[in-house]
>>> print(open('entry_27.cif').read())   # mmCIF, C-alpha atoms
data_entry
loop_
_atom_site.group_PDB
_atom_site.id
_atom_site.type_symbol
_atom_site.label_atom_id
_atom_site.label_comp_id
_atom_site.auth_asym_id
_atom_site.auth_seq_id
_atom_site.Cartn_x
_atom_site.Cartn_y
_atom_site.Cartn_z
ATOM 1 C CA MET A 1 39.315 85.946 162.998
ATOM 2 C CA HIS A 2 38.001 85.245 159.521
ATOM 3 C CA ALA A 3 34.550 86.698 158.838
ATOM 4 C CA VAL A 4 33.116 83.265 157.992
ATOM 5 C CA LEU A 5 33.490 82.249 161.656
ATOM 6 C CA ARG A 6 31.182 85.070 162.780
ATOM 7 C CA LYS A 7 28.128 83.152 161.581
ATOM 8 C CA ASN A 8 25.777 81.593 164.125
ATOM 9 C CA GLN A 9 24.872 78.438 162.168
ATOM 10 C CA PHE A 10 27.096 75.841 160.487
ATOM 11 C CA PHE A 11 25.856 72.759 158.644
ATOM 12 C CA VAL A 12 28.622 70.154 158.913
ATOM 13 C CA GLN A 13 28.668 67.155 156.571
ATOM 14 C CA GLN A 14 31.240 64.376 156.702
ATOM 15 C CA GLN A 15 32.550 63.102 153.397
ATOM 16 C CA LEU A 16 32.303 59.337 153.125
ATOM 17 C CA GLY A 17 34.655 57.192 151.105
ATOM 18 C CA LEU A 18 35.660 53.559 150.802
ATOM 19 C CA LEU A 19 38.584 52.747 153.137
ATOM 20 C CA GLU A 20 39.027 56.415 153.974
ATOM 21 C CA MET A 21 42.322 57.183 155.725
ATOM 22 C CA GLY A 22 41.353 60.662 156.837
ATOM 23 C CA LYS A 23 38.133 62.296 157.896
ATOM 24 C CA HIS A 24 37.033 65.223 155.763
ATOM 25 C CA PHE A 25 34.149 67.597 156.319
ATOM 26 C CA ASP A 26 32.348 70.208 154.271
ATOM 27 C CA ILE A 27 30.719 73.061 156.150
ATOM 28 C CA PHE A 28 27.818 74.992 154.632
ATOM 29 C CA ASP A 29 25.832 78.096 155.438
ATOM 30 C CA PRO A 30 22.367 76.592 156.176
ATOM 31 C CA LEU A 31 20.603 79.698 154.859
ATOM 32 C CA THR A 32 22.242 79.719 151.421
ATOM 33 C CA GLN A 33 23.358 76.043 151.251
ATOM 34 C CA GLN A 34 26.695 77.355 149.944
ATOM 35 C CA PRO A 35 29.992 75.785 151.084
ATOM 36 C CA ILE A 36 31.914 78.130 153.368
ATOM 37 C CA ILE A 37 34.631 75.939 154.962
ATOM 38 C CA GLU A 38 36.456 72.727 154.052
ATOM 39 C CA CYS A 39 38.036 70.648 156.824
ATOM 40 C CA ARG A 40 40.745 68.223 155.729
ATOM 41 C CA GLU A 41 43.028 65.901 157.672
ATOM 42 C CA LEU A 42 46.638 65.991 156.503
ATOM 43 C CA GLU A 43 49.747 63.772 156.640
ATOM 44 C CA HIS A 44 48.312 60.247 156.667
ATOM 45 C CA ARG A 45 51.500 58.308 157.358
ATOM 46 C CA HIS A 46 51.657 54.523 157.609
ATOM 47 C CA PHE A 47 51.669 54.475 161.427
ATOM 48 C CA THR A 48 48.673 56.822 161.549
ATOM 49 C CA ARG A 49 46.841 54.674 159.004
ATOM 50 C CA LEU A 50 47.490 51.547 161.084
ATOM 51 C CA LEU A 51 45.995 53.190 164.194
ATOM 52 C CA ARG A 52 42.923 54.166 162.163
ATOM 53 C CA ILE A 53 42.518 50.664 160.730
ATOM 54 C CA LEU A 54 42.767 49.218 164.260
ATOM 55 C CA ASN A 55 40.170 51.804 165.386
ATOM 56 C CA TRP A 56 42.537 53.359 167.954
ATOM 57 C CA GLU A 57 41.403 56.873 167.163
ATOM 58 C CA ALA A 58 42.392 58.403 170.490
ATOM 59 C CA LEU A 59 46.047 57.379 170.107
ATOM 60 C CA ARG A 60 46.764 58.623 166.624
ATOM 61 C CA PRO A 61 48.269 62.003 165.741
ATOM 62 C CA LEU A 62 45.961 64.592 164.228
ATOM 63 C CA HIS A 63 46.670 67.440 161.844
ATOM 64 C CA ALA A 64 43.656 69.071 160.254
ATOM 65 C CA GLU A 65 43.102 72.413 158.560
ATOM 66 C CA LEU A 66 39.941 74.378 157.935
ATOM 67 C CA ARG A 67 40.025 76.580 154.845
ATOM 68 C CA THR A 68 37.550 78.620 152.866
ATOM 69 C CA PRO A 69 36.725 77.367 149.335
ATOM 70 C CA GLU A 70 39.186 80.019 148.123
ATOM 71 C CA GLY A 71 41.987 78.399 150.138
ATOM 72 C CA LYS A 72 42.251 80.863 153.052
ATOM 73 C CA ARG A 73 43.124 79.005 156.256
ATOM 74 C CA VAL A 74 40.807 79.888 159.140
ATOM 75 C CA LEU A 75 41.632 77.231 161.745
ATOM 76 C CA ARG A 76 44.087 74.409 162.450
ATOM 77 C CA LEU A 77 43.897 71.420 164.819
ATOM 78 C CA GLN A 78 46.982 69.498 165.888
ATOM 79 C CA LYS A 79 47.753 66.614 168.247
ATOM 80 C CA CYS A 80 50.799 64.397 168.637
ATOM 81 C CA PHE A 81 50.725 60.656 169.278
ATOM 82 C CA SER A 82 49.574 60.098 172.849
ATOM 83 C CA LEU A 83 48.990 57.115 175.138
ATOM 84 C CA LEU A 84 47.526 59.107 178.014
ATOM 85 C CA ALA A 85 45.102 61.833 177.001
ATOM 86 C CA VAL A 86 43.560 63.415 173.950
ATOM 87 C CA LYS A 87 44.522 67.091 174.040
ATOM 88 C CA ILE A 88 44.281 68.923 170.744
ATOM 89 C CA ALA A 89 45.854 72.329 170.181
ATOM 90 C CA ILE A 90 43.719 74.830 168.266
ATOM 91 C CA TYR A 91 45.280 77.589 166.178
ATOM 92 C CA ASP A 92 43.677 80.454 164.295
ATOM 93 C CA GLY A 93 44.271 81.168 160.615
ATOM 94 C CA ASN A 94 47.443 83.114 161.395
ATOM 95 C CA GLY A 95 48.973 80.315 163.460
ATOM 96 C CA GLY A 96 48.235 81.854 166.862
ATOM 97 C CA LEU A 97 47.323 79.453 169.661
ATOM 98 C CA VAL A 98 43.659 79.932 170.624
ATOM 99 C CA GLY A 99 43.315 77.114 173.142
ATOM 100 C CA TYR A 100 42.885 73.378 173.565
ATOM 101 C CA CYS A 101 40.158 70.783 173.619
ATOM 102 C CA GLN A 102 40.715 67.783 175.856
ATOM 103 C CA ARG A 103 38.792 64.525 175.900
ATOM 104 C CA MET A 104 37.746 63.337 179.343
ATOM 105 C CA HIS A 105 38.511 59.662 179.996
ATOM 106 C CA GLN A 106 35.780 59.282 182.605
ATOM 107 C CA ARG A 107 33.308 60.738 180.086
ATOM 108 C CA ALA A 108 34.372 59.677 176.606
ATOM 109 C CA ASP A 109 31.591 61.743 175.032
ATOM 110 C CA SER A 110 32.761 64.975 176.654
ATOM 111 C CA PHE A 111 35.442 67.495 175.650
ATOM 112 C CA ARG A 112 36.782 70.195 177.957
ATOM 113 C CA ILE A 113 37.706 73.516 176.355
ATOM 114 C CA LEU A 114 40.838 75.237 177.676
ATOM 115 C CA ASP A 115 42.338 78.664 176.998
ATOM 116 C CA PRO A 116 45.978 79.046 175.804
ATOM 117 C CA ASP A 117 47.118 78.891 179.459
ATOM 118 C CA GLU A 118 45.190 75.598 179.852
ATOM 119 C CA ARG A 119 42.559 77.113 182.149
ATOM 120 C CA PHE A 120 39.103 75.577 181.939
ATOM 121 C CA ILE A 121 36.627 77.597 179.852
ATOM 122 C CA GLY A 122 33.694 75.275 179.250
ATOM 123 C CA GLU A 123 32.615 71.830 178.156
ATOM 124 C CA LEU A 124 31.130 70.215 175.077
ATOM 125 C CA HIS A 125 29.067 67.310 176.342
ATOM 126 C CA SER A 126 26.424 64.922 175.084
ATOM 127 C CA ASP A 127 22.786 65.657 175.733
ATOM 128 C CA GLN A 128 20.090 63.067 176.363
ATOM 129 C CA ASN A 129 17.160 65.176 175.192
ATOM 130 C CA ASN A 130 16.705 66.961 171.860
ATOM 131 C CA PHE A 131 20.311 67.671 170.866
ATOM 132 C CA LEU A 132 23.440 65.626 170.266
ATOM 133 C CA TYR A 133 25.758 68.036 172.056
ATOM 134 C CA ARG A 134 25.727 71.277 174.010
ATOM 135 C CA PHE A 135 28.523 73.672 174.877
ATOM 136 C CA VAL A 136 28.102 75.040 178.382
ATOM 137 C CA GLN A 137 30.103 77.747 180.150
ATOM 138 C CA ASN A 138 29.322 78.551 183.795
ATOM 139 C CA GLY A 139 25.888 76.996 183.414
ATOM 140 C CA GLN A 140 25.063 79.017 180.282
ATOM 141 C CA GLU A 141 24.487 77.262 176.960
ATOM 142 C CA LEU A 142 26.537 78.896 174.212
ATOM 143 C CA ALA A 143 26.013 76.335 171.442
ATOM 144 C CA CYS A 144 24.069 73.200 170.573
ATOM 145 C CA VAL A 145 24.441 70.489 167.941
ATOM 146 C CA SER A 146 21.470 68.732 166.385
ATOM 147 C CA ASP A 147 20.833 66.195 163.658
ATOM 148 C CA HIS A 148 17.050 66.357 163.856
ATOM 149 C CA PRO A 149 15.447 66.975 160.444
ATOM 150 C CA TRP A 150 13.180 69.745 161.679
ATOM 151 C CA SER A 151 16.192 71.824 162.700
ATOM 152 C CA LEU A 152 17.695 71.680 159.192
ATOM 153 C CA PRO A 153 16.627 73.429 155.977
ATOM 154 C CA GLN A 154 14.478 71.285 153.675
ATOM 155 C CA GLU A 155 17.272 71.002 151.074
ATOM 156 C CA LEU A 156 19.671 69.494 153.630
ATOM 157 C CA ARG A 157 17.413 67.067 155.480
ATOM 158 C CA ASN A 158 18.367 63.929 153.545
ATOM 159 C CA HIS A 159 22.104 64.109 154.218
ATOM 160 C CA HIS A 160 23.619 61.345 156.342
ATOM 161 C CA HIS A 161 26.540 61.934 158.716
ATOM 162 C CA ALA A 162 25.570 65.581 158.982
ATOM 163 C CA TYR A 163 24.546 67.905 161.769
ATOM 164 C CA LEU A 164 23.781 71.527 162.534
ATOM 165 C CA LEU A 165 25.883 73.629 164.919
ATOM 166 C CA GLU A 166 23.995 76.617 166.305
ATOM 167 C CA LEU A 167 25.845 79.253 168.324
ATOM 168 C CA ASN A 168 24.104 81.512 170.808
ATOM 169 C CA PRO A 169 23.409 84.807 168.963
ATOM 170 C CA GLY A 170 24.661 86.635 172.052
ATOM 171 C CA LEU A 171 28.175 85.272 171.537
ATOM 172 C CA ALA A 172 30.395 88.163 170.473
ATOM 173 C CA PRO A 173 31.400 88.057 166.756
ATOM 174 C CA GLU A 174 35.102 88.214 167.669
ATOM 175 C CA SER A 175 34.940 85.768 170.576
ATOM 176 C CA PRO A 176 37.612 83.035 170.379
ATOM 177 C CA LEU A 177 34.951 80.687 171.746
ATOM 178 C CA ARG A 178 33.580 80.488 168.202
ATOM 179 C CA LEU A 179 36.804 78.870 167.002
ATOM 180 C CA LEU A 180 37.076 76.646 170.069
ATOM 181 C CA ILE A 181 33.518 75.320 169.870
ATOM 182 C CA LEU A 182 33.745 74.470 166.168
ATOM 183 C CA ALA A 183 37.187 72.905 166.652
ATOM 184 C CA ALA A 184 36.032 70.816 169.633
ATOM 185 C CA LEU A 185 33.060 69.518 167.684
ATOM 186 C CA LEU A 186 35.228 68.457 164.733
ATOM 187 C CA ALA A 187 37.854 66.978 167.062
ATOM 188 C CA ARG A 188 35.176 64.904 168.761
ATOM 189 C CA GLN A 189 34.020 63.609 165.373
ATOM 190 C CA MET A 190 37.567 62.807 164.233
ATOM 191 C CA HIS A 191 38.181 60.686 167.328
ATOM 192 C CA SER A 192 35.137 58.475 166.982
ATOM 193 C CA THR A 193 33.488 56.287 164.403
ATOM 194 C CA ASN A 194 30.226 58.201 164.683
ATOM 195 C CA LEU A 195 28.900 61.297 166.329
ATOM 196 C CA ALA A 196 26.086 59.909 168.393
#
>>> encode(input="entry_27.cif", output="structure tokens")
Amino acid sequence: MHAVLRKNQFFVQQQLGLLEMGKHFDIFDPLTQQPIIECRELEHRHFTRLLRILNWEALRPLHAELRTPEGKRVLRLQKCFSLLAVKIAIYDGNGGLVGYCQRMHQRADSFRILDPDERFIGELHSDQNNFLYRFVQNGQELACVSDHPWSLPQELRNHHHAYLLELNPGLAPESPLRLLILAALLARQMHSTNLA
């Protein structure tokens, strides 16, 4: 696992563009406000563009890579065209399968996290109180996502389409859950028109 993924806080900002055909994100270290990861969707073919224009996000294929500003790949998300379910494969920087995130049809705002053998690990779900999302495993909260200004550094409070991912400090630095949680959060954003 790349060292940048051992951090406990990630400030995620979506790039906005006119008639954008792919969703791109810049991820910063909230303490230094320095960019640490770039997330870019790849291969925007005509069929994929049509599905995006028609707002059929769940159907379209997905291929996104997360790289450091120096170009080192740290994570990859991939999904084929699907009519039935959104299940996105998550790979580490070396191409090894880490697990899957799967959107639940009965709860469109919820993603299940699965290990490489497709066993349930935990769930990223919406929260009705102070946070946008929480990641829960066996009743224990391992991460939360917030867009509230008071949870962000002063220099970052005026950004739109941005949020703060905070991982539980007790999560082991080498835990694959770090990759899975970040990937599930980005996957959820890529398959919707907004986060909330």
>>> closest_residue(input="entry_27.cif", among="A:Arg76, A:Arg134, A:Arg40, A:Arg178", to="Phe25 of chain A", atoms="all atoms listed in the file")
A:Arg40
>>> resolve_selection(input="entry_27.cif", expression="the PyMOL selection byres ((chain A and resi 12) around 6)", output="list in words")
Phe11, Gln13, Asp26, Ile27, Ala162 and Tyr163 of chain A
>>> residues_around(input="entry_27.cif", residues="His125 of chain A", least_positions_apart="4", cutoff="7 Å", atoms="all atoms listed in the file", output="PyMOL selection string")
chain A and resi 109-111+133-135
>>> residues_near_point(input="entry_27.cif", point="(28.5, 83.5, 161.9)", cutoff="10 Å", atoms="only C-alpha atoms", output="PyMOL selection string")
chain A and resi 2-10+29+166-167+169+171-174+178
>>> write_last_selection(input="entry_27.cif", atoms="C-alpha atoms", output="PDB file, keeping the file's coordinate frame")
ATOM      1  CA  HIS A   2      38.001  85.245 159.521  1.00  0.00           C
ATOM      2  CA  ALA A   3      34.550  86.698 158.838  1.00  0.00           C
ATOM      3  CA  VAL A   4      33.116  83.265 157.992  1.00  0.00           C
ATOM      4  CA  LEU A   5      33.490  82.249 161.656  1.00  0.00           C
ATOM      5  CA  ARG A   6      31.182  85.070 162.780  1.00  0.00           C
ATOM      6  CA  LYS A   7      28.128  83.152 161.581  1.00  0.00           C
ATOM      7  CA  ASN A   8      25.777  81.593 164.125  1.00  0.00           C
ATOM      8  CA  GLN A   9      24.872  78.438 162.168  1.00  0.00           C
ATOM      9  CA  PHE A  10      27.096  75.841 160.487  1.00  0.00           C
ATOM     10  CA  ASP A  29      25.832  78.096 155.438  1.00  0.00           C
ATOM     11  CA  GLU A 166      23.995  76.617 166.305  1.00  0.00           C
ATOM     12  CA  LEU A 167      25.845  79.253 168.324  1.00  0.00           C
ATOM     13  CA  PRO A 169      23.409  84.807 168.963  1.00  0.00           C
ATOM     14  CA  LEU A 171      28.175  85.272 171.537  1.00  0.00           C
ATOM     15  CA  ALA A 172      30.395  88.163 170.473  1.00  0.00           C
ATOM     16  CA  PRO A 173      31.400  88.057 166.756  1.00  0.00           C
ATOM     17  CA  GLU A 174      35.102  88.214 167.669  1.00  0.00           C
ATOM     18  CA  ARG A 178      33.580  80.488 168.202  1.00  0.00           C
TER      19      ARG A 178
END
>>> atom_distance(input="entry_27.cif", atom1="atom CA of Ser175 of chain A", atom2="atom CA of Val98 of chain A")
10.5 Å
>>> atom_distance(input="entry_27.cif", atom1="atom CA of Gly139 of chain A", atom2="atom CA of Val74 of chain A")
28.6 Å
>>> closest_residue(input="entry_27.cif", among="A:Leu142, A:Leu186, A:Leu132, A:Ile37", to="Gln78 of chain A", atoms="all atoms listed in the file")
A:Leu186
>>> atom_distance(input="entry_27.cif", atom1="atom CA of Lys23 of chain A", atom2="atom CA of Cys39 of chain A")
8.4 Å
>>> build_atoms(input="entry_27.cif", residues="segment 88-99 of chain A", atoms="all heavy atoms", output="PDB file, in the frame of the given file")
ATOM      1  N   ILE A  88      44.056  68.396 172.084  1.00  0.00           N
ATOM      2  CA  ILE A  88      44.281  68.923 170.744  1.00  0.00           C
ATOM      3  C   ILE A  88      44.479  70.424 170.815  1.00  0.00           C
ATOM      4  O   ILE A  88      43.658  71.150 171.394  1.00  0.00           O
ATOM      5  CB  ILE A  88      43.078  68.579 169.837  1.00  0.00           C
ATOM      6  CG1 ILE A  88      42.932  67.058 169.743  1.00  0.00           C
ATOM      7  CG2 ILE A  88      43.237  69.198 168.460  1.00  0.00           C
ATOM      8  CD1 ILE A  88      41.637  66.594 169.136  1.00  0.00           C
ATOM      9  N   ALA A  89      45.580  70.893 170.239  1.00  0.00           N
ATOM     10  CA  ALA A  89      45.854  72.329 170.181  1.00  0.00           C
ATOM     11  C   ALA A  89      45.070  72.943 169.025  1.00  0.00           C
ATOM     12  O   ALA A  89      44.972  72.356 167.947  1.00  0.00           O
ATOM     13  CB  ALA A  89      47.350  72.569 169.996  1.00  0.00           C
ATOM     14  N   ILE A  90      44.537  74.134 169.253  1.00  0.00           N
ATOM     15  CA  ILE A  90      43.719  74.830 168.266  1.00  0.00           C
ATOM     16  C   ILE A  90      44.384  76.160 167.937  1.00  0.00           C
ATOM     17  O   ILE A  90      44.667  76.960 168.830  1.00  0.00           O
ATOM     18  CB  ILE A  90      42.298  75.058 168.805  1.00  0.00           C
ATOM     19  CG1 ILE A  90      41.660  73.715 169.195  1.00  0.00           C
ATOM     20  CG2 ILE A  90      41.439  75.793 167.781  1.00  0.00           C
ATOM     21  CD1 ILE A  90      40.430  73.853 170.049  1.00  0.00           C
ATOM     22  N   TYR A  91      44.621  76.376 166.644  1.00  0.00           N
ATOM     23  CA  TYR A  91      45.280  77.589 166.178  1.00  0.00           C
ATOM     24  C   TYR A  91      44.366  78.344 165.225  1.00  0.00           C
ATOM     25  O   TYR A  91      43.592  77.731 164.469  1.00  0.00           O
ATOM     26  CB  TYR A  91      46.581  77.243 165.449  1.00  0.00           C
ATOM     27  CG  TYR A  91      47.581  76.490 166.286  1.00  0.00           C
ATOM     28  CD1 TYR A  91      47.548  75.092 166.344  1.00  0.00           C
ATOM     29  CD2 TYR A  91      48.547  77.153 167.025  1.00  0.00           C
ATOM     30  CE1 TYR A  91      48.456  74.382 167.118  1.00  0.00           C
ATOM     31  CE2 TYR A  91      49.471  76.454 167.801  1.00  0.00           C
ATOM     32  CZ  TYR A  91      49.418  75.071 167.843  1.00  0.00           C
ATOM     33  OH  TYR A  91      50.310  74.366 168.610  1.00  0.00           O
ATOM     34  N   ASP A  92      44.473  79.675 165.236  1.00  0.00           N
ATOM     35  CA  ASP A  92      43.677  80.454 164.295  1.00  0.00           C
ATOM     36  C   ASP A  92      44.344  80.445 162.922  1.00  0.00           C
ATOM     37  O   ASP A  92      45.377  79.791 162.715  1.00  0.00           O
ATOM     38  CB  ASP A  92      43.455  81.883 164.813  1.00  0.00           C
ATOM     39  CG  ASP A  92      44.748  82.676 164.983  1.00  0.00           C
ATOM     40  OD1 ASP A  92      45.784  82.317 164.355  1.00  0.00           O
ATOM     41  OD2 ASP A  92      44.739  83.668 165.734  1.00  0.00           O
ATOM     42  N   GLY A  93      43.760  81.175 161.983  1.00  0.00           N
ATOM     43  CA  GLY A  93      44.271  81.168 160.615  1.00  0.00           C
ATOM     44  C   GLY A  93      45.658  81.723 160.460  1.00  0.00           C
ATOM     45  O   GLY A  93      46.357  81.423 159.486  1.00  0.00           O
ATOM     46  N   ASN A  94      46.098  82.530 161.440  1.00  0.00           N
ATOM     47  CA  ASN A  94      47.443  83.114 161.395  1.00  0.00           C
ATOM     48  C   ASN A  94      48.469  82.302 162.167  1.00  0.00           C
ATOM     49  O   ASN A  94      49.625  82.713 162.285  1.00  0.00           O
ATOM     50  CB  ASN A  94      47.409  84.552 161.941  1.00  0.00           C
ATOM     51  CG  ASN A  94      46.536  85.456 161.100  1.00  0.00           C
ATOM     52  OD1 ASN A  94      46.568  85.390 159.872  1.00  0.00           O
ATOM     53  ND2 ASN A  94      45.742  86.298 161.755  1.00  0.00           N
ATOM     54  N   GLY A  95      48.047  81.166 162.718  1.00  0.00           N
ATOM     55  CA  GLY A  95      48.973  80.315 163.460  1.00  0.00           C
ATOM     56  C   GLY A  95      49.046  80.611 164.938  1.00  0.00           C
ATOM     57  O   GLY A  95      49.852  79.997 165.646  1.00  0.00           O
ATOM     58  N   GLY A  96      48.236  81.542 165.441  1.00  0.00           N
ATOM     59  CA  GLY A  96      48.235  81.854 166.862  1.00  0.00           C
ATOM     60  C   GLY A  96      47.445  80.830 167.660  1.00  0.00           C
ATOM     61  O   GLY A  96      46.361  80.412 167.257  1.00  0.00           O
ATOM     62  N   LEU A  97      47.998  80.421 168.806  1.00  0.00           N
ATOM     63  CA  LEU A  97      47.323  79.453 169.661  1.00  0.00           C
ATOM     64  C   LEU A  97      46.080  80.079 170.276  1.00  0.00           C
ATOM     65  O   LEU A  97      46.152  81.124 170.917  1.00  0.00           O
ATOM     66  CB  LEU A  97      48.274  78.967 170.761  1.00  0.00           C
ATOM     67  CG  LEU A  97      47.715  77.937 171.740  1.00  0.00           C
ATOM     68  CD1 LEU A  97      47.384  76.629 171.029  1.00  0.00           C
ATOM     69  CD2 LEU A  97      48.708  77.692 172.872  1.00  0.00           C
ATOM     70  N   VAL A  98      44.929  79.437 170.085  1.00  0.00           N
ATOM     71  CA  VAL A  98      43.659  79.932 170.624  1.00  0.00           C
ATOM     72  C   VAL A  98      43.284  79.192 171.899  1.00  0.00           C
ATOM     73  O   VAL A  98      42.674  79.744 172.806  1.00  0.00           O
ATOM     74  CB  VAL A  98      42.535  79.787 169.577  1.00  0.00           C
ATOM     75  CG1 VAL A  98      41.224  80.317 170.120  1.00  0.00           C
ATOM     76  CG2 VAL A  98      42.895  80.497 168.294  1.00  0.00           C
ATOM     77  N   GLY A  99      43.645  77.911 171.969  1.00  0.00           N
ATOM     78  CA  GLY A  99      43.315  77.114 173.142  1.00  0.00           C
ATOM     79  C   GLY A  99      43.456  75.641 172.849  1.00  0.00           C
ATOM     80  O   GLY A  99      44.120  75.229 171.885  1.00  0.00           O
TER      81      GLY A  99
END
